[in-house]
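> My structure is stored as target.txt, with compact mmCIF, C-alpha atoms.
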# COMPACT_ATOMS: atom_id res chain seq x y z
CA MET A 1 0.00 0.00 0.00
CA ARG A 2 2.69 2.44 1.02
CA MET A 3 4.67 1.54 -2.08
CA LEU A 4 1.62 2.10 -4.23
CA VAL A 5 1.06 5.50 -2.63
CA ALA A 6 4.69 6.46 -3.22
CA CYS A 7 4.40 5.49 -6.89
CA ALA A 8 1.07 7.27 -7.19
CA GLY A 9 2.55 10.46 -5.80
CA GLY A 10 5.41 10.45 -8.25
CA ALA A 11 3.94 9.06 -11.42
CA GLY A 12 0.29 10.04 -11.58
CA ARG A 13 -2.74 7.84 -12.00
CA GLY A 14 -2.26 6.69 -15.58
CA LEU A 15 1.25 5.38 -15.09
CA THR A 16 0.56 3.85 -11.70
CA ARG A 17 -2.37 1.95 -13.16
CA LEU A 18 0.14 -0.06 -15.17
CA LEU A 19 0.93 -1.78 -11.89
CA LEU A 20 -2.59 -3.10 -11.59
CA LEU A 21 -2.02 -6.01 -13.94
CA PRO A 22 0.97 -7.50 -12.09
CA ILE A 23 -0.81 -6.92 -8.79
CA THR A 24 -3.84 -8.80 -10.05
CA VAL A 25 -1.71 -11.67 -11.33
CA TYR A 26 0.11 -11.80 -8.00
CA PHE A 27 -3.14 -12.10 -6.08
CA LEU A 28 -4.49 -14.72 -8.45
CA LEU A 29 -1.40 -16.87 -8.10
CA ARG A 30 -0.24 -16.28 -4.56
CA ARG A 31 -3.33 -15.54 -2.53
CA PRO A 32 -5.51 -18.65 -2.82
CA ALA A 33 -7.75 -17.63 0.10
CA GLU A 34 -8.89 -14.39 -1.54
CA ARG A 35 -9.17 -16.13 -4.89
CA ARG A 36 -11.41 -18.79 -3.37
CA ASP A 37 -13.60 -16.27 -1.56
CA SER A 38 -13.93 -14.20 -4.72
CA ARG A 39 -14.89 -17.24 -6.76
CA ALA A 40 -17.45 -18.38 -4.20
CA TYR A 41 -18.96 -14.90 -4.00
CA LEU A 42 -19.15 -14.42 -7.78
CA GLY A 43 -20.68 -17.87 -8.17
CA ARG A 44 -23.36 -16.86 -5.69
CA VAL A 45 -24.16 -13.63 -7.53
CA PHE A 46 -24.10 -15.11 -11.03
CA GLY A 47 -25.88 -18.32 -10.05
CA ARG A 48 -23.23 -20.41 -11.85
CA PRO A 49 -19.54 -21.19 -11.29
CA ALA A 50 -17.38 -18.10 -11.82
CA ARG A 51 -14.67 -18.11 -14.47
CA LEU A 52 -11.05 -17.30 -13.75
CA ARG A 53 -11.20 -14.12 -15.82
CA GLU A 54 -14.14 -12.97 -13.68
CA VAL A 55 -12.13 -13.58 -10.52
CA ALA A 56 -9.28 -11.62 -12.12
CA ARG A 57 -11.63 -8.77 -12.94
CA HIS A 58 -12.89 -8.76 -9.35
CA ILE A 59 -9.35 -8.48 -7.96
CA HIS A 60 -8.41 -5.90 -10.59
CA THR A 61 -11.41 -3.75 -9.64
CA PHE A 62 -10.40 -3.92 -5.98
CA ALA A 63 -6.79 -2.97 -6.75
CA ALA A 64 -7.95 -0.09 -8.96
CA THR A 65 -10.09 1.43 -6.21
CA ILE A 66 -7.32 1.04 -3.65
CA LEU A 67 -5.06 2.97 -6.00
CA ASP A 68 -7.74 5.57 -6.65
CA ARG A 69 -8.12 6.07 -2.92
CA TYR A 70 -4.86 7.98 -3.06
CA PHE A 71 -6.06 10.31 -5.80
CA LEU A 72 -9.50 10.72 -4.28
CA LEU A 73 -8.13 11.66 -0.88
CA SER A 74 -5.56 14.03 -2.28
CA ARG A 75 -6.73 17.08 -4.13
CA GLU A 76 -6.53 15.50 -7.53
CA MET A 77 -10.18 14.71 -7.93
CA GLN A 78 -10.76 16.58 -11.15
CA GLN A 79 -9.43 13.68 -13.17
CA PHE A 80 -12.39 11.53 -12.15
CA ASP A 81 -15.74 11.40 -13.86
CA VAL A 82 -18.15 11.01 -10.94
CA ASN A 83 -21.83 10.73 -11.70
CA VAL A 84 -23.79 11.69 -8.58
CA THR A 85 -27.42 10.72 -8.07
CA GLY A 86 -29.59 11.53 -5.06
CA ALA A 87 -27.57 14.61 -4.14
CA GLU A 88 -30.72 16.74 -3.88
CA ALA A 89 -32.23 14.43 -1.29
CA LEU A 90 -29.00 14.52 0.67
CA HIS A 91 -28.67 18.31 0.53
CA GLU A 92 -32.22 18.78 1.66
CA ARG A 93 -31.65 16.59 4.72
CA VAL A 94 -28.27 18.08 5.59
CA ASP A 95 -29.78 21.56 5.36
CA ARG A 96 -32.21 20.69 8.16
CA GLY A 97 -29.18 21.05 10.42
CA GLN A 98 -29.78 18.11 12.73
CA GLY A 99 -27.11 15.92 11.16
CA VAL A 100 -27.43 12.99 8.77
CA LEU A 101 -26.27 9.42 9.17
CA LEU A 102 -24.65 8.25 5.96
CA PHE A 103 -24.47 4.46 5.83
CA GLY A 104 -21.86 3.08 3.46
CA SER A 105 -20.41 -0.36 2.88
CA HIS A 106 -17.47 -2.22 1.44
CA LEU A 107 -19.28 -2.30 -1.88
CA GLY A 108 -17.16 -0.01 -4.02
CA SER A 109 -15.20 3.00 -2.87
CA PHE A 110 -16.35 5.05 0.07
CA GLU A 111 -13.58 7.57 -0.61
CA VAL A 112 -15.42 8.83 -3.67
CA LEU A 113 -17.63 10.64 -1.15
CA ARG A 114 -14.84 13.15 -1.14
CA VAL A 115 -16.28 14.75 -4.25
CA LEU A 116 -19.04 16.05 -1.99
CA ALA A 117 -16.52 18.00 0.03
CA ARG A 118 -15.33 19.60 -3.16
CA ARG A 119 -18.78 20.47 -4.44
CA ARG A 120 -20.13 21.56 -1.06
CA PRO A 121 -17.20 22.77 1.04
CA ASP A 122 -19.67 23.98 3.68
CA TYR A 123 -20.61 20.38 4.52
CA ALA A 124 -18.90 18.76 7.44
CA ILE A 125 -18.36 15.05 7.13
CA ARG A 126 -17.14 12.88 9.97
CA VAL A 127 -16.08 9.35 9.15
CA VAL A 128 -16.22 6.77 11.92
CA LEU A 129 -13.15 4.59 11.53
CA ASP A 130 -11.05 2.44 13.80
CA ARG A 131 -7.64 4.07 13.56
CA ALA A 132 -5.73 1.13 14.98
CA HIS A 133 -7.68 -1.44 13.00
CA SER A 134 -7.13 0.32 9.70
CA ALA A 135 -3.64 1.62 10.34
CA ALA A 136 -2.63 1.58 6.67
CA LEU A 137 -5.59 3.68 5.61
CA THR A 138 -5.18 6.05 8.54
CA GLN A 139 -1.49 6.60 7.82
CA ALA A 140 -2.19 7.14 4.15
CA LEU A 141 -4.93 9.59 5.03
CA GLU A 142 -2.70 11.50 7.44
CA ALA A 143 0.04 11.69 4.84
CA ILE A 144 -2.22 12.71 1.99
CA ASN A 145 -4.80 14.87 3.67
CA PRO A 146 -4.19 15.72 7.33
CA GLU A 147 -7.20 18.03 7.55
CA MET A 148 -9.47 15.19 6.63
CA ALA A 149 -7.69 12.77 8.94
CA ALA A 150 -8.46 15.13 11.82
CA THR A 151 -12.20 14.74 11.24
CA VAL A 152 -12.16 10.98 11.68
CA ILE A 153 -14.09 9.74 14.70
CA ASP A 154 -11.92 6.98 16.08
CA ALA A 155 -14.00 3.86 16.59
CA GLY A 156 -11.13 2.37 18.58
CA GLN A 157 -11.78 4.54 21.64
CA PRO A 158 -14.17 3.43 24.41
CA GLY A 159 -17.76 3.11 23.21
CA PRO A 160 -19.22 5.97 25.28
CA MET A 161 -16.60 8.35 23.85
CA ILE A 162 -17.44 7.36 20.28
CA MET A 163 -21.09 8.02 21.02
CA LEU A 164 -20.40 11.47 22.46
CA GLU A 165 -18.44 12.39 19.35
CA ILE A 166 -21.21 11.12 17.11
CA GLN A 167 -23.81 13.01 19.10
CA ARG A 168 -21.75 16.19 18.92
CA ALA A 169 -21.25 15.81 15.18
CA ALA A 170 -25.02 15.45 14.78
CA GLN A 171 -25.64 18.58 16.85
CA GLU A 172 -23.28 20.44 14.57
CA GLY A 173 -25.29 19.28 11.59
CA ALA A 174 -22.54 17.11 10.15
CA MET A 175 -22.85 14.03 8.00
CA ILE A 176 -21.69 11.04 10.00
CA ALA A 177 -20.42 8.28 7.76
CA LEU A 178 -20.33 4.68 8.91
CA LEU A 179 -19.63 1.41 7.15
CA VAL A 180 -22.48 -0.87 8.12
CA ASP A 181 -21.89 -4.15 6.30
CA ARG A 182 -18.98 -5.74 8.12
CA THR A 183 -19.37 -7.40 11.50
CA GLN A 184 -16.31 -7.46 13.72
CA PRO A 185 -15.63 -10.54 15.85
CA GLY A 186 -17.61 -10.32 19.06
CA GLU A 187 -19.88 -7.60 17.72
CA ALA A 188 -23.63 -7.93 18.18
CA SER A 189 -25.21 -8.78 14.85
CA GLU A 190 -28.38 -9.91 13.19
CA ARG A 191 -28.71 -12.44 10.38
CA VAL A 192 -30.97 -11.43 7.50
CA PRO A 193 -31.47 -12.75 3.94
CA PHE A 194 -28.76 -11.50 1.60
CA LEU A 195 -27.96 -12.87 -1.86
CA GLY A 196 -29.88 -16.08 -1.34
CA ASP A 197 -28.64 -16.95 2.12
CA SER A 198 -28.58 -15.40 5.54
CA ALA A 199 -25.69 -13.14 6.50
CA ALA A 200 -24.83 -11.29 9.70
CA PHE A 201 -24.92 -7.48 9.80
CA PRO A 202 -23.96 -5.34 12.80
CA ILE A 203 -26.80 -3.90 14.86
CA ALA A 204 -24.90 -0.98 16.44
CA PRO A 205 -25.44 1.47 13.52
CA TRP A 206 -29.19 0.95 13.75
CA GLN A 207 -29.19 1.38 17.52
CA ILE A 208 -27.33 4.65 17.05
CA ALA A 209 -29.87 5.72 14.43
CA ALA A 210 -32.75 4.82 16.74
CA VAL A 211 -31.32 6.94 19.54
CA LEU A 212 -30.40 9.97 17.43
CA LYS A 213 -33.58 9.86 15.31
CA ILE A 214 -31.90 11.85 12.54
CA PRO A 215 -32.26 11.06 8.81
CA VAL A 216 -30.48 8.00 7.48
CA MET A 217 -29.17 7.99 3.91
CA LEU A 218 -27.43 5.11 2.17
CA ALA A 219 -24.33 5.84 0.10
CA PHE A 220 -22.75 3.71 -2.62
CA GLY A 221 -19.56 4.71 -4.48
CA LEU A 222 -19.43 2.30 -7.40
CA TYR A 223 -16.41 1.98 -9.66
CA ARG A 224 -17.43 1.69 -13.30
CA GLY A 225 -14.04 1.21 -14.96
CA GLY A 226 -11.65 3.77 -16.42
CA ASN A 227 -11.95 6.98 -14.43
CA ARG A 228 -15.70 6.63 -13.89
CA TYR A 229 -17.55 6.34 -10.60
CA ASP A 230 -21.23 6.42 -9.73
CA LEU A 231 -21.97 7.99 -6.36
CA VAL A 232 -25.49 7.10 -5.29
CA PHE A 233 -27.38 8.51 -2.30
CA GLU A 234 -30.64 6.90 -1.26
CA PRO A 235 -32.97 8.09 1.48
CA PHE A 236 -33.50 5.23 3.91
CA SER A 237 -35.35 6.84 6.79
CA GLU A 238 -36.39 10.33 7.86
CA GLY A 239 -35.48 9.34 11.39
CA ILE A 240 -35.83 5.90 12.87
CA ASP A 241 -38.38 6.12 15.63
CA LEU A 242 -38.18 2.95 17.63
CA PRO A 243 -38.93 3.37 21.32
CA ARG A 244 -36.30 1.72 23.42
CA ARG A 245 -38.37 -1.27 24.42
CA GLU A 246 -39.30 -2.02 20.80
CA ARG A 247 -35.80 -1.63 19.45
CA ALA A 248 -34.58 -5.21 19.72
CA ALA A 249 -37.69 -6.38 17.89
CA GLY A 250 -37.67 -3.61 15.26
CA ILE A 251 -34.04 -3.52 14.20
CA PRO A 252 -33.97 -6.83 12.27
CA ALA A 253 -36.58 -5.47 9.85
CA LEU A 254 -34.45 -2.36 9.22
CA ILE A 255 -31.35 -4.47 8.62
CA GLY A 256 -33.35 -6.72 6.32
CA ARG A 257 -34.48 -3.72 4.29
CA TYR A 258 -30.92 -2.43 4.16
CA ALA A 259 -29.64 -5.84 2.99
CA GLN A 260 -32.15 -5.72 0.12
CA ARG A 261 -30.84 -2.35 -1.03
CA LEU A 262 -27.27 -3.56 -0.72
CA GLU A 263 -28.16 -6.65 -2.73
CA ALA A 264 -29.70 -4.55 -5.49
CA HIS A 265 -26.47 -2.56 -5.83
CA VAL A 266 -24.33 -5.70 -5.62
CA ARG A 267 -26.24 -7.15 -8.55
CA ASP A 268 -25.76 -3.90 -10.42
CA ALA A 269 -22.01 -3.71 -9.70
CA PRO A 270 -20.89 -7.21 -8.66
CA TYR A 271 -17.16 -6.61 -9.05
CA ASN A 272 -17.32 -3.83 -6.46
CA TRP A 273 -17.80 -6.24 -3.55
CA PHE A 274 -14.68 -5.80 -1.40
CA ASN A 275 -15.39 -8.13 1.48
CA PHE A 276 -12.86 -10.81 0.59
CA TYR A 277 -13.90 -13.37 3.18
CA ASP A 278 -16.86 -15.67 3.67
CA PHE A 279 -19.50 -13.08 4.39
CA TRP A 280 -22.16 -15.74 5.00
CA LYS A 281 -20.38 -17.88 7.51
CA TYR A 282 -21.72 -18.44 10.99
CA ASP A 283 -19.59 -17.06 13.76
CA ASN A 284 -19.55 -19.21 16.82
CA PRO A 285 -19.75 -16.71 19.67
CA ASP A 286 -17.56 -19.06 21.71
CA ASP A 287 -14.77 -18.51 19.20
CA ASP A 288 -14.50 -14.89 20.20
CA ALA A 289 -12.91 -15.58 23.56
CA GLY A 290 -9.80 -13.63 22.61
CA VAL A 291 -11.74 -10.50 21.77
CA GLU A 292 -12.32 -7.88 24.41
CA PRO A 293 -16.08 -7.44 24.55
CA GLU A 294 -17.75 -4.09 24.96
CA PRO A 295 -18.89 -3.31 28.51
CA ALA A 296 -20.73 -6.41 29.60
CA GLN A 297 -24.33 -6.30 30.64
CA ALA A 298 -23.91 -7.19 34.26
CA GLY A 299 -27.32 -8.36 35.23
CA VAL A 300 -29.26 -5.34 34.00
CA HIS A 301 -32.46 -6.27 32.23
CA ARG A 302 -34.64 -3.99 30.24
CA ARG A 303 -38.18 -4.28 29.19
CA GLY A 304 -38.44 -5.50 25.66
CA ASP A 305 -34.71 -5.62 25.27
CA ALA A 306 -32.89 -8.89 25.02
CA GLY A 307 -29.92 -7.20 26.61
CA GLU A 308 -27.67 -7.09 23.57
CA HIS A 309 -24.76 -4.81 23.83
CA ALA A 310 -23.31 -2.67 21.13
CA GLY A 311 -20.06 -4.31 20.26
CA PRO A 312 -17.03 -2.62 18.82
CA VAL A 313 -18.75 -0.12 16.62
CA LEU A 314 -18.56 -0.65 12.90
CA GLY A 315 -16.29 -1.98 10.26
CA ASP A 316 -12.73 -0.95 9.92
CA GLY A 317 -13.21 0.91 6.68
CA ALA A 318 -10.00 -0.38 5.21
CA GLY A 319 -11.79 -1.88 2.26
CA GLY A 320 -9.39 -4.76 2.31
CA LYS A 321 -8.97 -8.14 3.84
CA ARG A 322 -9.30 -9.02 7.42
CA MET B 1 -22.54 2.11 49.65
CA SER B 2 -22.33 5.83 50.32
CA THR B 3 -25.49 7.92 50.39
CA GLN B 4 -26.83 9.69 47.31
CA THR B 5 -27.07 13.46 47.41
CA PRO B 6 -30.35 14.98 46.17
CA ALA B 7 -28.71 15.89 42.85
CA GLU B 8 -27.40 12.35 42.46
CA ARG B 9 -30.84 10.99 43.24
CA GLU B 10 -32.40 13.17 40.54
CA LEU B 11 -29.81 12.06 38.00
CA ALA B 12 -30.30 8.43 39.01
CA GLU B 13 -34.01 8.81 38.30
CA LEU B 14 -33.29 10.28 34.90
CA LEU B 15 -30.90 7.44 34.18
CA VAL B 16 -33.31 4.66 35.13
CA GLU B 17 -36.16 6.33 33.28
CA SER B 18 -34.30 7.14 30.06
CA LEU B 19 -32.58 3.77 29.87
CA ASN B 20 -35.62 1.79 30.92
CA LEU B 21 -33.65 -0.14 33.48
CA GLU B 22 -35.77 -2.88 34.91
CA ASP B 23 -35.14 -4.07 38.44
CA VAL B 24 -33.03 -1.03 39.25
CA GLN B 25 -34.33 1.40 41.87
CA PRO B 26 -32.81 4.87 41.46
CA GLY B 27 -32.13 5.01 45.18
CA GLU B 28 -30.18 1.77 45.05
CA ILE B 29 -27.52 2.92 42.60
CA ASP B 30 -24.21 3.18 44.40
CA PRO B 31 -22.98 6.69 43.55
CA GLU B 32 -19.40 5.52 43.54
CA ALA B 33 -19.83 2.35 41.48
CA PRO B 34 -18.83 2.38 37.80
CA LEU B 35 -21.68 3.08 35.38
CA PHE B 36 -20.13 1.19 32.50
CA ASN B 37 -18.35 -2.14 32.33
CA ALA B 38 -18.78 -3.70 35.74
CA GLY B 39 -21.06 -1.96 38.22
CA LEU B 40 -24.27 -0.93 36.50
CA GLY B 41 -23.09 -2.48 33.24
CA LEU B 42 -24.24 0.13 30.75
CA ASP B 43 -23.06 -0.03 27.14
CA SER B 44 -22.19 2.57 24.54
CA ILE B 45 -25.72 2.93 23.20
CA ASP B 46 -26.79 3.66 26.79
CA ALA B 47 -24.09 6.34 26.91
CA LEU B 48 -25.56 7.97 23.83
CA GLU B 49 -29.10 7.80 25.20
CA LEU B 50 -27.99 9.13 28.57
CA SER B 51 -26.07 12.06 27.12
CA LEU B 52 -29.11 13.02 25.01
CA ALA B 53 -31.34 12.82 28.09
CA ILE B 54 -28.90 15.00 30.04
CA SER B 55 -28.81 17.56 27.21
CA LYS B 56 -32.58 17.71 27.23
CA ARG B 57 -33.04 17.89 30.98
CA TYR B 58 -30.12 20.09 32.00
CA GLY B 59 -29.66 22.17 28.86
CA PHE B 60 -26.00 21.52 28.15
CA HIS B 61 -24.02 19.01 26.14
CA LEU B 62 -21.47 16.59 27.44
CA ARG B 63 -18.36 17.36 25.47
CA SER B 64 -16.54 14.73 23.53
CA ASP B 65 -13.33 16.59 22.97
CA ASN B 66 -11.49 16.04 26.17
CA GLU B 67 -9.96 13.27 28.15
CA GLU B 68 -12.14 14.21 31.09
CA ASN B 69 -15.02 12.27 29.68
CA LEU B 70 -13.85 8.94 30.91
CA ARG B 71 -13.72 10.46 34.38
CA ILE B 72 -17.15 12.06 34.01
CA TYR B 73 -18.70 8.74 33.11
CA ALA B 74 -16.83 6.90 35.84
CA SER B 75 -19.70 6.90 38.33
CA LEU B 76 -23.04 8.48 39.18
CA ARG B 77 -21.19 10.80 41.56
CA ALA B 78 -18.68 11.97 38.96
CA LEU B 79 -21.42 12.49 36.37
CA SER B 80 -23.62 14.36 38.84
CA THR B 81 -20.75 16.65 39.89
CA HIS B 82 -20.16 17.46 36.24
CA VAL B 83 -23.85 18.10 35.59
CA GLU B 84 -24.13 20.41 38.60
CA GLN B 85 -21.15 22.42 37.39
CA HIS B 86 -22.42 22.84 33.85
CA LYS B 87 -26.18 22.81 33.86
CA ALA B 88 -27.95 25.79 32.46
CA GLY B 89 -29.57 28.31 34.77
Could you spell out this file's structure in C-alpha cells?

Amino acid sequence: MRMLVACAGGAGRGLTRLLLLPITVYFLLRRPAERRDSRAYLGRVFGRPARLREVARHIHTFAATILDRYFLLSREMQQFDVNVTGAEALHERVDRGQGVLLFGSHLGSFEVLRVLARRRPDYAIRVVLDRAHSAALTQALEAINPEMAATVIDAGQPGPMIMLEIQRAAQEGAMIALLVDRTQPGEASERVPFLGDSAAFPIAPWQIAAVLKIPVMLAFGLYRGGNRYDLVFEPFSEGIDLPRRERAAGIPALIGRYAQRLEAHVRDAPYNWFNFYDFWKYDNPDDDAGVEPEPAQAGVHRRGDAGEHAGPVLGDGAGGKR
Amino acid sequence: MSTQTPAERELAELLVESLNLEDVQPGEIDPEAPLFNAGLGLDSIDALELSLAISKRYGFHLRSDNEENLRIYASLRALSTHVEQHKAG
C-alpha cells in the first residue's frame, strides 16, 4: 500500500495503473484464500460457477479502487468522472441542520464521497473509523490529507466516547459516515437474507440511528471502470423512531431492508464487492474468547430488550482483507 | 454504599427512566460504582441515550473533545458533579 502510494505520488494515475495487472496476477497466483472467496462470491451472484477471468476482474477492480483512494483523498479529484445521483435528497436533509447518518459499505469505494466536500465545502463530514484497526488507511490519510484525517471519529476509543463524538457531530449538523456491512468478531449482529442466504450485519449502527432519530441515507460509491464512478445517495429513513423497548424487535426489519438495497447494488455492480472473506459464515460466539467485549451487561435487564450490547462499533473501513 | 445526594438521586431517576432499566431502583444505585463495564453495566448505546437525556433535561451538552469524559462517566457521583457544574440556569 505504502509503495503504491509512493508510486502514485510520483507518477500520476495513468502510469501507476500499469501496476494493476501485475498486482492482479500476483493475487491470483499467490493468494488462494482471496481467490477462493472471490470465486465463491461471484458464483453466488451469477448463479453459476465463476470463471477465472471474472475472478481476475474482481481483484483488478479492488486494486484499482485502492489505488484511486490515493487520488480521491488528495486534491486531484478533477481527473475523475463522478456521476452523482440523489444529491438533492441529501442536501435537503443536511440543510435541516440536525445531522445525517450516511451508511456506506465495502461495496465499491467510500472515498469517492470526497467529491461532496469539493462540491459543497460547507458540509462537514465525519467518518467513523477504527484508527488502529485500519492503520494503513489512517497513515495514508494523514500523509495525503491531514485536515481530513483530523475529522475521523476513532472507533477504537471506548464506546461511550465514540457516542459522544457522534452526538456532537449530529448537533453540529454534520454528516456522520459509517460502514455498516462488516461485523467485527464479538460484535452484536443480526442475520438477514442476503444474496440467497442469511448473512450477519452489525446492529450498532441501527441502535445509534434509533437513539439519534436523525435522517439515514445510504451511500454507494461504485467503480465503473476507467476513471468513472457512480456515487449514489438513497434516502433510507427520515429518522428511525423505535422506542427503546421495541428496538430489539424492530431492528432486524431495518437491517433486512438495508440488505435488500445492498443486494440490489451488488447485482448492479458485482465486481465492487470488497469483502474478501466468507460473508455468510456463521460465527460461533464461543470462538470470540480472545476478543475484548464491549462493557458487559452485568445483570441489568430492560423491558423488551434482550440485553444485547453494542459491540465494537462498525467496520474498519480499510476496504481490504481481514 | 455511600449515600446519594439529592442531585445524584435526581440524576439516578433520569438514568433509570431514560434507559428503561428494569429491576433497578434509582435510590439503590451506588454513587461511587462504575456506570459502564462492571457496576451498573451500561453499554455505549446507553451512553448515547444518557447524554441526550442530560442535554434535554439540563440544557447543556457533554463534550466529547477532552480526556475528562472517561472520568465524568466513571460513576453516578462523577457524572452528577459534572452536571451540577455545567447545567444551564
> Extract, using all atoms listed in the file, all DNA, RNA and protein residues at most 10 Å from Tyr258 (chain A), discarding same-chain residues fewer than 3 positions from it, and format them as a list of chain:residue names.
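Everything that qualifies: A:Phe103, A:Val180, A:Asp181, A:Val192, A:Phe194, A:Phe201, A:Leu218, A:Phe236, A:Pro252, A:Ala253, A:Leu254, A:Ile255, A:Arg261, A:Leu262, A:Glu263, A:Ala264.
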> Please list as a list in words every residue within 9 Å of Thr138 (chain A), counting only C-alpha atoms and excluding residues in the same chain fewer than 4 positions away.
Leu129, Asp130, Arg131, Ala132, Ser134, Glu142, Ala143, Ala149 and Ala318 of chain A
> Just C-alpha atoms for this one: save the residues we selected as an mmCIF file, in the coordinates of the input.

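Saved as again-v6.cif:
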data_model
loop_
_atom_site.group_PDB
_atom_site.id
_atom_site.type_symbol
_atom_site.label_atom_id
_atom_site.label_comp_id
_atom_site.auth_asym_id
_atom_site.auth_seq_id
_atom_site.Cartn_x
_atom_site.Cartn_y
_atom_site.Cartn_z
ATOM 1 C CA LEU A 129 -13.150 4.590 11.530
ATOM 2 C CA ASP A 130 -11.050 2.440 13.800
ATOM 3 C CA ARG A 131 -7.640 4.070 13.560
ATOM 4 C CA ALA A 132 -5.730 1.130 14.980
ATOM 5 C CA SER A 134 -7.130 0.320 9.700
ATOM 6 C CA GLU A 142 -2.700 11.500 7.440
ATOM 7 C CA ALA A 143 0.040 11.690 4.840
ATOM 8 C CA ALA A 149 -7.690 12.770 8.940
ATOM 9 C CA ALA A 318 -10.000 -0.380 5.210
#
> Which centre and which edge lengths, in Å to one decimal, describe the axis-aligned box that holds all listed atoms of region 14-23 of chain A after 6 Å is added on each side, as AutoDock Vina command-line options?

--center_x -0.7 --center_y -0.4 --center_z -12.2 --size_x 15.8 --size_y 26.2 --size_z 18.8
> Would you mind listing, as a VMD selection string, all residues of chain B that have at least one atom within 10 Å of chain A, where only C-alpha atoms are what counts?
chain B and resid 18 to 24 35 to 52 61 to 67 69 to 70 73
> Skip Tyr282 (chain A) itself and residues of its chain fewer than 4 positions away, then list as an MDAnalysis selection string all residues within 12 Å of it, counting only C-alpha atoms.
chainID A and resid 183 185 189:191 197:201 278 286:287
> Could you check the closest approach to Phe276 (chain A) for each of A:Ile203, A:Leu72, A:Leu107, A:Ile23 and tell me which residue wins, using all atoms listed in the file?
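Closest candidate: A:Leu107.
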> List as a ChimeraX atom specification the protein and nucleic acid residues near region 74-82 of chain B, meaning an atom at most 8 Å away when all atoms listed in the file are counted, but skip any in the same chain fewer than 4 places from it.
/B:7-8,11-12,29-36,70,86
> With a distance cut-off of 9 Å and all atoms listed in the file, select the neighbouring residues of Lys87 (chain B), excluding the residue or stretch itself and same-chain residues fewer than 2 positions from it, and output the selection as a tab-separated table (two decimals) with C-alpha atoms, in the coordinates of the input.

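This is the output file around-v6.tsv:
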chain	number	residue	atom	x	y	z
B	55	SER	CA	-28.81	17.56	27.21
B	57	ARG	CA	-33.04	17.89	30.98
B	58	TYR	CA	-30.12	20.09	32.00
B	59	GLY	CA	-29.66	22.17	28.86
B	60	PHE	CA	-26.00	21.52	28.15
B	61	HIS	CA	-24.02	19.01	26.14
B	82	HIS	CA	-20.16	17.46	36.24
B	83	VAL	CA	-23.85	18.10	35.59
B	84	GLU	CA	-24.13	20.41	38.60
B	85	GLN	CA	-21.15	22.42	37.39
B	89	GLY	CA	-29.57	28.31	34.77
> Just how far from CA of Ala177 (chain A) is CA of Pro202 (chain A), in Å to one decimal?
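A separation of 14.9 Å between them.
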> Quick one: distance from CA of Leu15 (chain B) to CA of Leu101 (chain A) in Å, one decimal?
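Between CA of Leu15 (chain B) and CA of Leu101 (chain A) the gap is 25.5 Å.
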> In Å, how far is it from CA of Val152 (chain A) to CA of Val100 (chain A)?
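Computed distance, CA of Val152 (chain A) to CA of Val100 (chain A), equals 15.7 Å.
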> Given the choices A:Asp68, A:Glu88, A:Asp81, A:Glu238, which gets closest to Thr16 (chain A) if the distance is worked out from all atoms listed in the file?
A:Asp68
> Compare A:Leu73, A:Pro22, A:Asn83, A:Val216 by their minimum atom-to-atom distance to Pro146 (chain A), counting all atoms listed in the file, and give me the closest one.
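Closest candidate: A:Leu73.
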